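Everything below belongs to input-v7.csv, which stores CSV, N, CA and C atoms.
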chain,number,residue,atom,x,y,z
A,801,MET,N,116.9,99.3,112.9
A,801,MET,CA,116.4,98.2,112.1
A,801,MET,C,114.9,98.0,112.4
A,802,ASP,N,114.2,97.8,111.3
A,802,ASP,CA,112.8,97.6,111.4
A,802,ASP,C,112.5,96.2,112.0
A,803,SER,N,111.3,96.0,112.5
A,803,SER,CA,111.0,94.8,113.2
A,803,SER,C,111.0,93.5,112.3
A,804,LYS,N,110.6,93.7,111.1
A,804,LYS,CA,110.7,92.5,110.2
A,804,LYS,C,112.2,92.1,110.0
A,805,LYS,N,113.1,93.0,109.7
A,805,LYS,CA,114.5,92.7,109.5
A,805,LYS,C,115.0,92.1,110.8
A,806,PHE,N,114.6,92.6,112.0
A,806,PHE,CA,115.0,92.1,113.2
A,806,PHE,C,114.6,90.6,113.4
A,807,ALA,N,113.3,90.4,113.1
A,807,ALA,CA,112.8,89.0,113.2
A,807,ALA,C,113.6,88.0,112.3
A,808,LEU,N,113.9,88.5,111.1
A,808,LEU,CA,114.7,87.7,110.1
A,808,LEU,C,116.1,87.5,110.7
A,809,LEU,N,116.7,88.5,111.3
A,809,LEU,CA,118.0,88.3,111.9
A,809,LEU,C,118.0,87.3,113.0
A,810,CYS,N,116.9,87.3,113.9
A,810,CYS,CA,116.8,86.3,114.9
A,810,CYS,C,116.7,84.9,114.4
A,811,ARG,N,115.9,84.8,113.3
A,811,ARG,CA,115.8,83.5,112.6
A,811,ARG,C,117.2,83.0,112.1
A,812,GLU,N,118.0,83.9,111.5
A,812,GLU,CA,119.3,83.6,111.0
A,812,GLU,C,120.2,83.1,112.2
A,813,LEU,N,120.1,83.9,113.3
A,813,LEU,CA,121.0,83.5,114.5
A,813,LEU,C,120.6,82.2,115.0
A,814,ALA,N,119.3,81.9,115.1
A,814,ALA,CA,118.9,80.6,115.6
A,814,ALA,C,119.4,79.5,114.6
A,815,ASP,N,119.3,79.8,113.4
A,815,ASP,CA,119.7,78.8,112.3
A,815,ASP,C,121.2,78.5,112.5
A,816,ASN,N,122.0,79.5,112.9
A,816,ASN,CA,123.4,79.4,113.1
A,816,ASN,C,123.8,78.2,114.0
A,817,LYS,N,122.9,78.0,115.0
A,817,LYS,CA,123.1,76.9,115.9
A,817,LYS,C,122.2,75.7,115.7
A,818,LYS,N,121.7,75.6,114.4
A,818,LYS,CA,121.0,74.4,114.0
A,818,LYS,C,119.6,74.3,114.7
A,819,ALA,N,119.0,75.4,115.0
A,819,ALA,CA,117.6,75.3,115.5
A,819,ALA,C,116.7,74.6,114.5
A,820,GLU,N,115.7,73.9,115.0
A,820,GLU,CA,114.8,73.2,114.0
A,820,GLU,C,113.5,73.9,113.9
A,821,ASP,N,112.9,73.8,112.7
A,821,ASP,CA,111.6,74.2,112.4
A,821,ASP,C,111.4,75.7,112.9
A,822,ILE,N,112.2,76.6,112.3
A,822,ILE,CA,112.1,78.0,112.7
A,822,ILE,C,111.0,78.7,111.9
A,823,VAL,N,110.1,79.3,112.6
A,823,VAL,CA,108.9,80.0,112.0
A,823,VAL,C,108.9,81.4,112.5
A,824,ILE,N,108.5,82.3,111.6
A,824,ILE,CA,108.2,83.7,112.0
A,824,ILE,C,106.8,83.9,111.7
A,825,LEU,N,106.0,84.4,112.8
A,825,LEU,CA,104.6,84.7,112.6
A,825,LEU,C,104.5,86.3,112.7
A,826,ASP,N,103.8,86.8,111.7
A,826,ASP,CA,103.5,88.2,111.7
A,826,ASP,C,102.2,88.5,112.4
A,827,VAL,N,102.3,89.0,113.7
A,827,VAL,CA,101.2,89.2,114.5
A,827,VAL,C,100.8,90.7,114.6
A,828,ARG,N,101.3,91.5,113.7
A,828,ARG,CA,101.0,92.9,113.8
A,828,ARG,C,99.5,93.2,113.8
A,829,GLU,N,98.7,92.5,113.0
A,829,GLU,CA,97.3,92.8,112.8
A,829,GLU,C,96.4,92.2,113.9
A,830,ILE,N,97.0,91.3,114.7
A,830,ILE,CA,96.2,90.6,115.7
A,830,ILE,C,96.7,90.7,117.1
A,831,SER,N,97.8,91.4,117.3
A,831,SER,CA,98.3,91.6,118.7
A,831,SER,C,98.8,93.1,118.9
A,832,SER,N,98.5,93.6,120.0
A,832,SER,CA,99.0,94.9,120.4
A,832,SER,C,100.3,94.8,121.2
A,833,VAL,N,100.7,93.6,121.4
A,833,VAL,CA,101.9,93.3,122.3
A,833,VAL,C,103.2,93.4,121.5
A,834,THR,N,103.2,92.8,120.3
A,834,THR,CA,104.5,92.7,119.5
A,834,THR,C,104.1,92.6,118.1
A,835,ASP,N,105.2,92.7,117.2
A,835,ASP,CA,105.0,92.6,115.8
A,835,ASP,C,105.2,91.2,115.2
A,836,TYR,N,106.2,90.5,115.8
A,836,TYR,CA,106.6,89.2,115.2
A,836,TYR,C,106.9,88.3,116.4
A,837,PHE,N,106.5,87.0,116.2
A,837,PHE,CA,107.0,85.9,117.0
A,837,PHE,C,108.0,85.1,116.1
A,838,VAL,N,109.2,84.8,116.7
A,838,VAL,CA,110.1,83.9,116.1
A,838,VAL,C,110.0,82.6,117.0
A,839,ILE,N,109.7,81.5,116.4
A,839,ILE,CA,109.6,80.2,117.2
A,839,ILE,C,110.6,79.2,116.6
A,840,ALA,N,111.4,78.7,117.5
A,840,ALA,CA,112.4,77.7,117.1
A,840,ALA,C,112.5,76.6,118.1
A,841,SER,N,112.9,75.4,117.6
A,841,SER,CA,113.0,74.2,118.5
A,841,SER,C,114.5,73.8,118.6
A,842,GLY,N,114.7,73.3,119.8
A,842,GLY,CA,116.0,72.7,120.1
A,842,GLY,C,115.8,71.3,120.6
A,843,THR,N,116.8,70.4,120.5
A,843,THR,CA,116.6,69.0,120.8
A,843,THR,C,117.0,68.6,122.3
A,844,SER,N,117.7,69.5,123.0
A,844,SER,CA,118.1,69.2,124.3
A,844,SER,C,118.4,70.5,125.1
A,845,GLU,N,118.7,70.4,126.4
A,845,GLU,CA,119.0,71.6,127.2
A,845,GLU,C,120.3,72.3,126.6
A,846,PRO,N,121.4,71.5,126.3
A,846,PRO,CA,122.5,72.2,125.7
A,846,PRO,C,122.3,72.9,124.4
A,847,HIS,N,121.4,72.2,123.6
A,847,HIS,CA,121.1,72.8,122.3
A,847,HIS,C,120.3,74.1,122.5
A,848,LEU,N,119.3,74.1,123.4
A,848,LEU,CA,118.5,75.3,123.7
A,848,LEU,C,119.4,76.4,124.2
A,849,ARG,N,120.4,76.1,125.1
A,849,ARG,CA,121.3,77.0,125.6
A,849,ARG,C,122.1,77.7,124.4
A,850,ALA,N,122.6,76.8,123.5
A,850,ALA,CA,123.4,77.3,122.4
A,850,ALA,C,122.6,78.3,121.5
A,851,ILE,N,121.3,78.0,121.3
A,851,ILE,CA,120.5,78.8,120.5
A,851,ILE,C,120.2,80.2,121.2
A,852,VAL,N,119.8,80.1,122.4
A,852,VAL,CA,119.5,81.3,123.2
A,852,VAL,C,120.8,82.2,123.3
A,853,ASP,N,121.9,81.6,123.6
A,853,ASP,CA,123.2,82.3,123.8
A,853,ASP,C,123.6,83.0,122.5
A,854,GLU,N,123.4,82.3,121.4
A,854,GLU,CA,123.8,82.8,120.1
A,854,GLU,C,122.9,84.1,119.8
A,855,ILE,N,121.7,84.0,120.0
A,855,ILE,CA,120.8,85.2,119.8
A,855,ILE,C,121.1,86.3,120.7
A,856,GLU,N,121.2,86.0,122.0
A,856,GLU,CA,121.5,87.1,123.0
A,856,GLU,C,122.8,87.7,122.8
A,857,ASP,N,123.9,86.9,122.7
A,857,ASP,CA,125.2,87.4,122.6
A,857,ASP,C,125.5,88.2,121.3
A,858,ARG,N,125.0,87.7,120.2
A,858,ARG,CA,125.3,88.3,118.9
A,858,ARG,C,124.5,89.6,118.8
A,859,LEU,N,123.3,89.7,119.2
A,859,LEU,CA,122.5,90.9,119.2
A,859,LEU,C,123.1,91.9,120.1
A,860,ARG,N,123.6,91.5,121.3
A,860,ARG,CA,124.2,92.5,122.2
A,860,ARG,C,125.6,92.9,121.7
A,861,ASP,N,126.4,92.0,121.2
A,861,ASP,CA,127.8,92.4,120.8
A,861,ASP,C,127.8,93.1,119.5
A,862,GLU,N,127.0,92.7,118.5
A,862,GLU,CA,127.1,93.3,117.2
A,862,GLU,C,126.1,94.4,116.9
A,863,HIS,N,125.0,94.5,117.7
A,863,HIS,CA,124.0,95.5,117.5
A,863,HIS,C,123.7,96.3,118.7
A,864,GLY,N,124.3,96.0,119.8
A,864,GLY,CA,124.0,96.7,121.1
A,864,GLY,C,122.6,96.6,121.6
A,865,ILE,N,121.9,95.4,121.2
A,865,ILE,CA,120.5,95.2,121.6
A,865,ILE,C,120.4,94.1,122.7
A,866,LYS,N,119.7,94.4,123.8
A,866,LYS,CA,119.5,93.5,124.8
A,866,LYS,C,118.0,93.3,124.9
A,867,PRO,N,117.6,92.0,125.3
A,867,PRO,CA,116.1,91.8,125.5
A,867,PRO,C,115.6,92.7,126.6
A,868,THR,N,114.3,93.1,126.5
A,868,THR,CA,113.7,93.9,127.5
A,868,THR,C,113.3,93.0,128.7
A,869,ALA,N,113.1,91.7,128.4
A,869,ALA,CA,112.8,90.7,129.4
A,869,ALA,C,113.2,89.3,128.9
A,870,VAL,N,113.5,88.4,129.8
A,870,VAL,CA,113.8,87.0,129.5
A,870,VAL,C,112.9,86.2,130.5
A,871,ASP,N,112.2,85.2,129.9
A,871,ASP,CA,111.3,84.4,130.8
A,871,ASP,C,111.5,83.0,130.5
A,872,GLY,N,111.3,82.1,131.4
A,872,GLY,CA,111.4,80.7,131.2
A,872,GLY,C,112.9,80.3,131.6
A,873,THR,N,113.1,79.0,131.5
A,873,THR,CA,114.5,78.5,131.8
A,873,THR,C,114.8,77.3,130.9
A,874,LEU,N,116.0,77.0,130.9
A,874,LEU,CA,116.4,75.8,130.1
A,874,LEU,C,115.8,74.6,130.7
A,875,GLN,N,115.6,74.5,132.0
A,875,GLN,CA,115.1,73.3,132.7
A,875,GLN,C,113.6,73.2,132.3
A,876,THR,N,112.9,74.3,132.1
A,876,THR,CA,111.5,74.1,131.7
A,876,THR,C,111.3,73.9,130.2
A,877,ALA,N,112.5,74.0,129.4
A,877,ALA,CA,112.5,73.8,128.0
A,877,ALA,C,111.8,74.8,127.2
A,878,TRP,N,111.6,76.0,127.7
A,878,TRP,CA,111.0,77.1,127.0
A,878,TRP,C,111.6,78.4,127.5
A,879,VAL,N,112.3,79.1,126.6
A,879,VAL,CA,112.9,80.4,127.0
A,879,VAL,C,112.3,81.4,126.0
A,880,VAL,N,111.8,82.5,126.6
A,880,VAL,CA,111.3,83.6,125.8
A,880,VAL,C,112.2,84.8,125.9
A,881,LEU,N,112.6,85.3,124.8
A,881,LEU,CA,113.4,86.5,124.7
A,881,LEU,C,112.5,87.6,124.1
A,882,ASP,N,112.3,88.6,125.0
A,882,ASP,CA,111.4,89.7,124.6
A,882,ASP,C,112.2,90.9,124.1
A,883,TYR,N,112.1,91.2,122.8
A,883,TYR,CA,112.8,92.3,122.3
A,883,TYR,C,111.8,93.4,121.9
A,884,PHE,N,110.7,93.4,122.5
A,884,PHE,CA,109.6,94.4,122.4
A,884,PHE,C,108.8,94.2,121.0
A,885,ASP,N,109.4,94.5,119.9
A,885,ASP,CA,108.7,94.4,118.6
A,885,ASP,C,108.8,92.9,118.1
A,886,VAL,N,109.8,92.2,118.7
A,886,VAL,CA,110.0,90.8,118.3
A,886,VAL,C,110.1,90.0,119.6
A,887,VAL,N,109.4,88.9,119.7
A,887,VAL,CA,109.4,88.0,120.8
A,887,VAL,C,109.9,86.6,120.3
A,888,VAL,N,111.0,86.2,120.8
A,888,VAL,CA,111.6,84.9,120.4
A,888,VAL,C,111.3,83.8,121.4
A,889,HIS,N,110.7,82.7,120.9
A,889,HIS,CA,110.4,81.5,121.7
A,889,HIS,C,111.4,80.4,121.3
A,890,VAL,N,112.2,79.9,122.2
A,890,VAL,CA,113.0,78.8,121.9
A,890,VAL,C,112.6,77.6,122.8
A,891,MET,N,112.1,76.5,122.2
A,891,MET,CA,111.5,75.4,123.0
A,891,MET,C,112.0,74.1,122.5
A,892,ARG,N,112.0,73.1,123.4
A,892,ARG,CA,112.2,71.8,123.1
A,892,ARG,C,110.9,71.3,122.3
A,893,GLN,N,111.1,70.4,121.3
A,893,GLN,CA,110.0,70.1,120.4
A,893,GLN,C,108.7,69.6,121.1
A,894,ASP,N,108.9,68.8,122.2
A,894,ASP,CA,107.7,68.3,122.9
A,894,ASP,C,106.9,69.4,123.6
A,895,VAL,N,107.6,70.4,124.1
A,895,VAL,CA,107.0,71.6,124.7
A,895,VAL,C,106.3,72.4,123.6
A,896,ARG,N,106.9,72.5,122.5
A,896,ARG,CA,106.3,73.3,121.4
A,896,ARG,C,105.0,72.6,120.9
A,897,GLU,N,105.1,71.3,120.8
A,897,GLU,CA,103.8,70.6,120.4
A,897,GLU,C,102.7,70.8,121.4
A,898,ARG,N,103.1,70.7,122.7
A,898,ARG,CA,102.1,70.8,123.8
A,898,ARG,C,101.4,72.2,123.7
A,899,TYR,N,102.1,73.3,123.6
A,899,TYR,CA,101.6,74.6,123.6
A,899,TYR,C,101.1,75.1,122.3
A,900,ASP,N,101.6,74.6,121.2
A,900,ASP,CA,101.2,74.8,119.8
A,900,ASP,C,100.9,76.3,119.5
A,901,LEU,N,101.9,77.1,119.7
A,901,LEU,CA,101.7,78.6,119.4
A,901,LEU,C,101.3,78.8,118.0
A,902,GLU,N,101.8,78.0,117.0
A,902,GLU,CA,101.4,78.3,115.7
A,902,GLU,C,99.9,78.1,115.5
A,903,ALA,N,99.2,77.2,116.1
A,903,ALA,CA,97.8,77.0,116.1
A,903,ALA,C,97.1,78.1,116.8
A,904,LEU,N,97.6,78.4,118.0
A,904,LEU,CA,97.0,79.5,118.9
A,904,LEU,C,97.0,80.8,118.1
A,905,TRP,N,98.1,81.1,117.4
A,905,TRP,CA,98.2,82.3,116.6
A,905,TRP,C,98.0,82.0,115.1
A,906,GLY,N,97.1,81.1,114.8
A,906,GLY,CA,96.8,80.6,113.5
A,906,GLY,C,96.4,81.6,112.4
A,907,ASP,N,95.8,82.7,112.9
A,907,ASP,CA,95.5,83.8,112.0
A,907,ASP,C,96.6,84.6,111.5
A,908,ALA,N,97.8,84.4,112.1
A,908,ALA,CA,99.0,85.2,111.8
A,908,ALA,C,99.7,84.6,110.6
A,909,PRO,N,99.9,85.5,109.6
A,909,PRO,CA,100.7,85.0,108.4
A,909,PRO,C,102.1,84.6,108.8
A,910,ARG,N,102.7,83.6,108.1
A,910,ARG,CA,104.1,83.3,108.3
A,910,ARG,C,104.9,84.1,107.3
A,911,VAL,N,106.1,84.5,107.8
A,911,VAL,CA,107.1,85.2,107.0
A,911,VAL,C,107.9,84.2,106.3
A,912,LYS,N,108.0,84.3,105.0
A,912,LYS,CA,108.7,83.3,104.2
A,912,LYS,C,110.2,83.6,104.4
A,913,ALA,N,111.0,82.5,104.4
A,913,ALA,CA,112.5,82.7,104.4
A,913,ALA,C,113.0,83.2,103.1
A,914,ARG,N,113.9,84.1,103.1
A,914,ARG,CA,114.5,84.5,101.9
A,914,ARG,C,115.4,83.4,101.3
A,915,LYS,N,115.3,83.3,100.0
A,915,LYS,CA,116.1,82.3,99.3
A,915,LYS,C,117.6,82.7,99.3
A,916,ARG,N,118.4,81.8,99.6
A,916,ARG,CA,119.9,82.1,99.6
A,916,ARG,C,120.4,81.9,98.2
A,917,ALA,N,121.3,82.8,97.8
A,917,ALA,CA,121.9,82.7,96.5
A,917,ALA,C,122.8,81.5,96.5
A,918,PRO,N,122.8,80.7,95.4
A,918,PRO,CA,123.6,79.5,95.4
A,918,PRO,C,125.1,79.9,95.4
A,919,SER,N,125.9,79.2,96.2
A,919,SER,CA,127.3,79.5,96.3
A,919,SER,C,128.0,79.1,95.0
A,920,LYS,N,129.0,79.9,94.6
A,920,LYS,CA,129.7,79.6,93.4
A,920,LYS,C,130.9,78.7,93.7
A,921,ALA,N,131.0,77.6,93.0
A,921,ALA,CA,132.2,76.7,93.2
A,921,ALA,C,133.4,77.4,92.7
A,922,ALA,N,134.5,77.2,93.5
A,922,ALA,CA,135.8,77.8,93.1
A,922,ALA,C,136.5,77.0,92.1
Once you've parsed the file, please lay out its structure as structure tokens.
Amino acid sequence: MDSKKFALLCRELADNKKAEDIVILDVREISSVTDYFVIASGTSEPHLRAIVDEIEDRLRDEHGIKPTAVDGTLQTAWVVLDYFDVVVHVMRQDVRERYDLEALWGDAPRVKARKRAPSKAA
């Protein structure tokens, strides 16, 4: 799976657990460390846990992919899942505002969400 599809999958998995304000930054042109950042917010420690677990468990169980590193803790309200080409940041909103990764990486274009096809009523 290419890194953009992987980033989109991470966004979808975070969305499965109602993560808020999910953003994908394309940092390929400005970083030699990774291709994409996926940034998502949770409202509480249990919410952060649910988001992180959904991403880690589904990627491992369905795709055989484990993070190369995990940093941060639920208690610090910022967990980083490093999948090499994609780095996922799951944060509580106040922590996200304090560190403001979107501004720090402001030169990075945002990846637009794909439009979902309207569901057909039965």
All strand (DSSP E) positions in chain A, as a tab-separated table (two decimals) with N, CA and C atoms, keeping the file's coordinate frame:
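Final output, out-v5.tsv:
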chain	number	residue	atom	x	y	z
A	820	GLU	N	115.70	73.90	115.00
A	820	GLU	CA	114.80	73.20	114.00
A	820	GLU	C	113.50	73.90	113.90
A	821	ASP	N	112.90	73.80	112.70
A	821	ASP	CA	111.60	74.20	112.40
A	821	ASP	C	111.40	75.70	112.90
A	822	ILE	N	112.20	76.60	112.30
A	822	ILE	CA	112.10	78.00	112.70
A	822	ILE	C	111.00	78.70	111.90
A	823	VAL	N	110.10	79.30	112.60
A	823	VAL	CA	108.90	80.00	112.00
A	823	VAL	C	108.90	81.40	112.50
A	824	ILE	N	108.50	82.30	111.60
A	824	ILE	CA	108.20	83.70	112.00
A	824	ILE	C	106.80	83.90	111.70
A	825	LEU	N	106.00	84.40	112.80
A	825	LEU	CA	104.60	84.70	112.60
A	825	LEU	C	104.50	86.30	112.70
A	826	ASP	N	103.80	86.80	111.70
A	826	ASP	CA	103.50	88.20	111.70
A	826	ASP	C	102.20	88.50	112.40
A	836	TYR	N	106.20	90.50	115.80
A	836	TYR	CA	106.60	89.20	115.20
A	836	TYR	C	106.90	88.30	116.40
A	837	PHE	N	106.50	87.00	116.20
A	837	PHE	CA	107.00	85.90	117.00
A	837	PHE	C	108.00	85.10	116.10
A	838	VAL	N	109.20	84.80	116.70
A	838	VAL	CA	110.10	83.90	116.10
A	838	VAL	C	110.00	82.60	117.00
A	839	ILE	N	109.70	81.50	116.40
A	839	ILE	CA	109.60	80.20	117.20
A	839	ILE	C	110.60	79.20	116.60
A	840	ALA	N	111.40	78.70	117.50
A	840	ALA	CA	112.40	77.70	117.10
A	840	ALA	C	112.50	76.60	118.10
A	841	SER	N	112.90	75.40	117.60
A	841	SER	CA	113.00	74.20	118.50
A	841	SER	C	114.50	73.80	118.60
A	842	GLY	N	114.70	73.30	119.80
A	842	GLY	CA	116.00	72.70	120.10
A	842	GLY	C	115.80	71.30	120.60
A	869	ALA	N	113.10	91.70	128.40
A	869	ALA	CA	112.80	90.70	129.40
A	869	ALA	C	113.20	89.30	128.90
A	870	VAL	N	113.50	88.40	129.80
A	870	VAL	CA	113.80	87.00	129.50
A	870	VAL	C	112.90	86.20	130.50
A	871	ASP	N	112.20	85.20	129.90
A	871	ASP	CA	111.30	84.40	130.80
A	871	ASP	C	111.50	83.00	130.50
A	872	GLY	N	111.30	82.10	131.40
A	872	GLY	CA	111.40	80.70	131.20
A	872	GLY	C	112.90	80.30	131.60
A	873	THR	N	113.10	79.00	131.50
A	873	THR	CA	114.50	78.50	131.80
A	873	THR	C	114.80	77.30	130.90
A	878	TRP	N	111.60	76.00	127.70
A	878	TRP	CA	111.00	77.10	127.00
A	878	TRP	C	111.60	78.40	127.50
A	879	VAL	N	112.30	79.10	126.60
A	879	VAL	CA	112.90	80.40	127.00
A	879	VAL	C	112.30	81.40	126.00
A	880	VAL	N	111.80	82.50	126.60
A	880	VAL	CA	111.30	83.60	125.80
A	880	VAL	C	112.20	84.80	125.90
A	881	LEU	N	112.60	85.30	124.80
A	881	LEU	CA	113.40	86.50	124.70
A	881	LEU	C	112.50	87.60	124.10
A	882	ASP	N	112.30	88.60	125.00
A	882	ASP	CA	111.40	89.70	124.60
A	882	ASP	C	112.20	90.90	124.10
A	886	VAL	N	109.80	92.20	118.70
A	886	VAL	CA	110.00	90.80	118.30
A	886	VAL	C	110.10	90.00	119.60
A	887	VAL	N	109.40	88.90	119.70
A	887	VAL	CA	109.40	88.00	120.80
A	887	VAL	C	109.90	86.60	120.30
A	888	VAL	N	111.00	86.20	120.80
A	888	VAL	CA	111.60	84.90	120.40
A	888	VAL	C	111.30	83.80	121.40
A	889	HIS	N	110.70	82.70	120.90
A	889	HIS	CA	110.40	81.50	121.70
A	889	HIS	C	111.40	80.40	121.30
A	890	VAL	N	112.20	79.90	122.20
A	890	VAL	CA	113.00	78.80	121.90
A	890	VAL	C	112.60	77.60	122.80
A	891	MET	N	112.10	76.50	122.20
A	891	MET	CA	111.50	75.40	123.00
A	891	MET	C	112.00	74.10	122.50
A	892	ARG	N	112.00	73.10	123.40
A	892	ARG	CA	112.20	71.80	123.10
A	892	ARG	C	110.90	71.30	122.30
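Among the candidate residues A:His889, A:His863, A:Lys804, A:Lys912, the one lying nearest to Val838 of chain A is A:His889, with distances computed using only N, CA and C atoms.
Closest to Pro909 of chain A among A:Met801, A:Ile824, A:Leu859, A:Val833 is A:Ile824, based on only N, CA and C atoms.
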May I have all residues of chain A that DSSP, computed from the backbone, assigns to helix (DSSP H, G or I), given as a VMD selection string? chain A and resid 803 to 816 845 to 863 893 to 899 901 to 904
So that I have them on file, write out the residues from the current selection with N, CA and C atoms, as a compact mmCIF listing (two decimals), in the frame of the given file.
# COMPACT_ATOMS: atom_id res chain seq x y z
N SER A 803 111.30 96.00 112.50
CA SER A 803 111.00 94.80 113.20
C SER A 803 111.00 93.50 112.30
N LYS A 804 110.60 93.70 111.10
CA LYS A 804 110.70 92.50 110.20
C LYS A 804 112.20 92.10 110.00
N LYS A 805 113.10 93.00 109.70
CA LYS A 805 114.50 92.70 109.50
C LYS A 805 115.00 92.10 110.80
N PHE A 806 114.60 92.60 112.00
CA PHE A 806 115.00 92.10 113.20
C PHE A 806 114.60 90.60 113.40
N ALA A 807 113.30 90.40 113.10
CA ALA A 807 112.80 89.00 113.20
C ALA A 807 113.60 88.00 112.30
N LEU A 808 113.90 88.50 111.10
CA LEU A 808 114.70 87.70 110.10
C LEU A 808 116.10 87.50 110.70
N LEU A 809 116.70 88.50 111.30
CA LEU A 809 118.00 88.30 111.90
C LEU A 809 118.00 87.30 113.00
N CYS A 810 116.90 87.30 113.90
CA CYS A 810 116.80 86.30 114.90
C CYS A 810 116.70 84.90 114.40
N ARG A 811 115.90 84.80 113.30
CA ARG A 811 115.80 83.50 112.60
C ARG A 811 117.20 83.00 112.10
N GLU A 812 118.00 83.90 111.50
CA GLU A 812 119.30 83.60 111.00
C GLU A 812 120.20 83.10 112.20
N LEU A 813 120.10 83.90 113.30
CA LEU A 813 121.00 83.50 114.50
C LEU A 813 120.60 82.20 115.00
N ALA A 814 119.30 81.90 115.10
CA ALA A 814 118.90 80.60 115.60
C ALA A 814 119.40 79.50 114.60
N ASP A 815 119.30 79.80 113.40
CA ASP A 815 119.70 78.80 112.30
C ASP A 815 121.20 78.50 112.50
N ASN A 816 122.00 79.50 112.90
CA ASN A 816 123.40 79.40 113.10
C ASN A 816 123.80 78.20 114.00
N GLU A 845 118.70 70.40 126.40
CA GLU A 845 119.00 71.60 127.20
C GLU A 845 120.30 72.30 126.60
N PRO A 846 121.40 71.50 126.30
CA PRO A 846 122.50 72.20 125.70
C PRO A 846 122.30 72.90 124.40
N HIS A 847 121.40 72.20 123.60
CA HIS A 847 121.10 72.80 122.30
C HIS A 847 120.30 74.10 122.50
N LEU A 848 119.30 74.10 123.40
CA LEU A 848 118.50 75.30 123.70
C LEU A 848 119.40 76.40 124.20
N ARG A 849 120.40 76.10 125.10
CA ARG A 849 121.30 77.00 125.60
C ARG A 849 122.10 77.70 124.40
N ALA A 850 122.60 76.80 123.50
CA ALA A 850 123.40 77.30 122.40
C ALA A 850 122.60 78.30 121.50
N ILE A 851 121.30 78.00 121.30
CA ILE A 851 120.50 78.80 120.50
C ILE A 851 120.20 80.20 121.20
N VAL A 852 119.80 80.10 122.40
CA VAL A 852 119.50 81.30 123.20
C VAL A 852 120.80 82.20 123.30
N ASP A 853 121.90 81.60 123.60
CA ASP A 853 123.20 82.30 123.80
C ASP A 853 123.60 83.00 122.50
N GLU A 854 123.40 82.30 121.40
CA GLU A 854 123.80 82.80 120.10
C GLU A 854 122.90 84.10 119.80
N ILE A 855 121.70 84.00 120.00
CA ILE A 855 120.80 85.20 119.80
C ILE A 855 121.10 86.30 120.70
N GLU A 856 121.20 86.00 122.00
CA GLU A 856 121.50 87.10 123.00
C GLU A 856 122.80 87.70 122.80
N ASP A 857 123.90 86.90 122.70
CA ASP A 857 125.20 87.40 122.60
C ASP A 857 125.50 88.20 121.30
N ARG A 858 125.00 87.70 120.20
CA ARG A 858 125.30 88.30 118.90
C ARG A 858 124.50 89.60 118.80
N LEU A 859 123.30 89.70 119.20
CA LEU A 859 122.50 90.90 119.20
C LEU A 859 123.10 91.90 120.10
N ARG A 860 123.60 91.50 121.30
CA ARG A 860 124.20 92.50 122.20
C ARG A 860 125.60 92.90 121.70
N ASP A 861 126.40 92.00 121.20
CA ASP A 861 127.80 92.40 120.80
C ASP A 861 127.80 93.10 119.50
N GLU A 862 127.00 92.70 118.50
CA GLU A 862 127.10 93.30 117.20
C GLU A 862 126.10 94.40 116.90
N HIS A 863 125.00 94.50 117.70
CA HIS A 863 124.00 95.50 117.50
C HIS A 863 123.70 96.30 118.70
N GLN A 893 111.10 70.40 121.30
CA GLN A 893 110.00 70.10 120.40
C GLN A 893 108.70 69.60 121.10
N ASP A 894 108.90 68.80 122.20
CA ASP A 894 107.70 68.30 122.90
C ASP A 894 106.90 69.40 123.60
N VAL A 895 107.60 70.40 124.10
CA VAL A 895 107.00 71.60 124.70
C VAL A 895 106.30 72.40 123.60
N ARG A 896 106.90 72.50 122.50
CA ARG A 896 106.30 73.30 121.40
C ARG A 896 105.00 72.60 120.90
N GLU A 897 105.10 71.30 120.80
CA GLU A 897 103.80 70.60 120.40
C GLU A 897 102.70 70.80 121.40
N ARG A 898 103.10 70.70 122.70
CA ARG A 898 102.10 70.80 123.80
C ARG A 898 101.40 72.20 123.70
N TYR A 899 102.10 73.30 123.60
CA TYR A 899 101.60 74.60 123.60
C TYR A 899 101.10 75.10 122.30
N LEU A 901 101.90 77.10 119.70
CA LEU A 901 101.70 78.60 119.40
C LEU A 901 101.30 78.80 118.00
N GLU A 902 101.80 78.00 117.00
CA GLU A 902 101.40 78.30 115.70
C GLU A 902 99.90 78.10 115.50
N ALA A 903 99.20 77.20 116.10
CA ALA A 903 97.80 77.00 116.10
C ALA A 903 97.10 78.10 116.80
N LEU A 904 97.60 78.40 118.00
CA LEU A 904 97.00 79.50 118.90
C LEU A 904 97.00 80.80 118.10
Looking at A:Ala819, A:Ala807, A:Val895, A:Leu881, which one is nearest to Lys866 of chain A, with distances taken over all atoms listed in the file? A:Leu881
Which polymer residues have any atom within 5 Å of an atom of Tyr836 of chain A, counting only N, CA and C atoms, with same-chain residues fewer than 5 positions away left out, as an NGL selection string? :A and (825-827 or 885-887)
Please, could you write that set of residues out with N, CA and C atoms as a PDB file, in the frame of the given file?
ATOM      1  N   LEU A 825     106.000  84.400 112.800  1.00  0.00           N
ATOM      2  CA  LEU A 825     104.600  84.700 112.600  1.00  0.00           C
ATOM      3  C   LEU A 825     104.500  86.300 112.700  1.00  0.00           C
ATOM      4  N   ASP A 826     103.800  86.800 111.700  1.00  0.00           N
ATOM      5  CA  ASP A 826     103.500  88.200 111.700  1.00  0.00           C
ATOM      6  C   ASP A 826     102.200  88.500 112.400  1.00  0.00           C
ATOM      7  N   VAL A 827     102.300  89.000 113.700  1.00  0.00           N
ATOM      8  CA  VAL A 827     101.200  89.200 114.500  1.00  0.00           C
ATOM      9  C   VAL A 827     100.800  90.700 114.600  1.00  0.00           C
ATOM     10  N   ASP A 885     109.400  94.500 119.900  1.00  0.00           N
ATOM     11  CA  ASP A 885     108.700  94.400 118.600  1.00  0.00           C
ATOM     12  C   ASP A 885     108.800  92.900 118.100  1.00  0.00           C
ATOM     13  N   VAL A 886     109.800  92.200 118.700  1.00  0.00           N
ATOM     14  CA  VAL A 886     110.000  90.800 118.300  1.00  0.00           C
ATOM     15  C   VAL A 886     110.100  90.000 119.600  1.00  0.00           C
ATOM     16  N   VAL A 887     109.400  88.900 119.700  1.00  0.00           N
ATOM     17  CA  VAL A 887     109.400  88.000 120.800  1.00  0.00           C
ATOM     18  C   VAL A 887     109.900  86.600 120.300  1.00  0.00           C
TER      19      VAL A 887
END
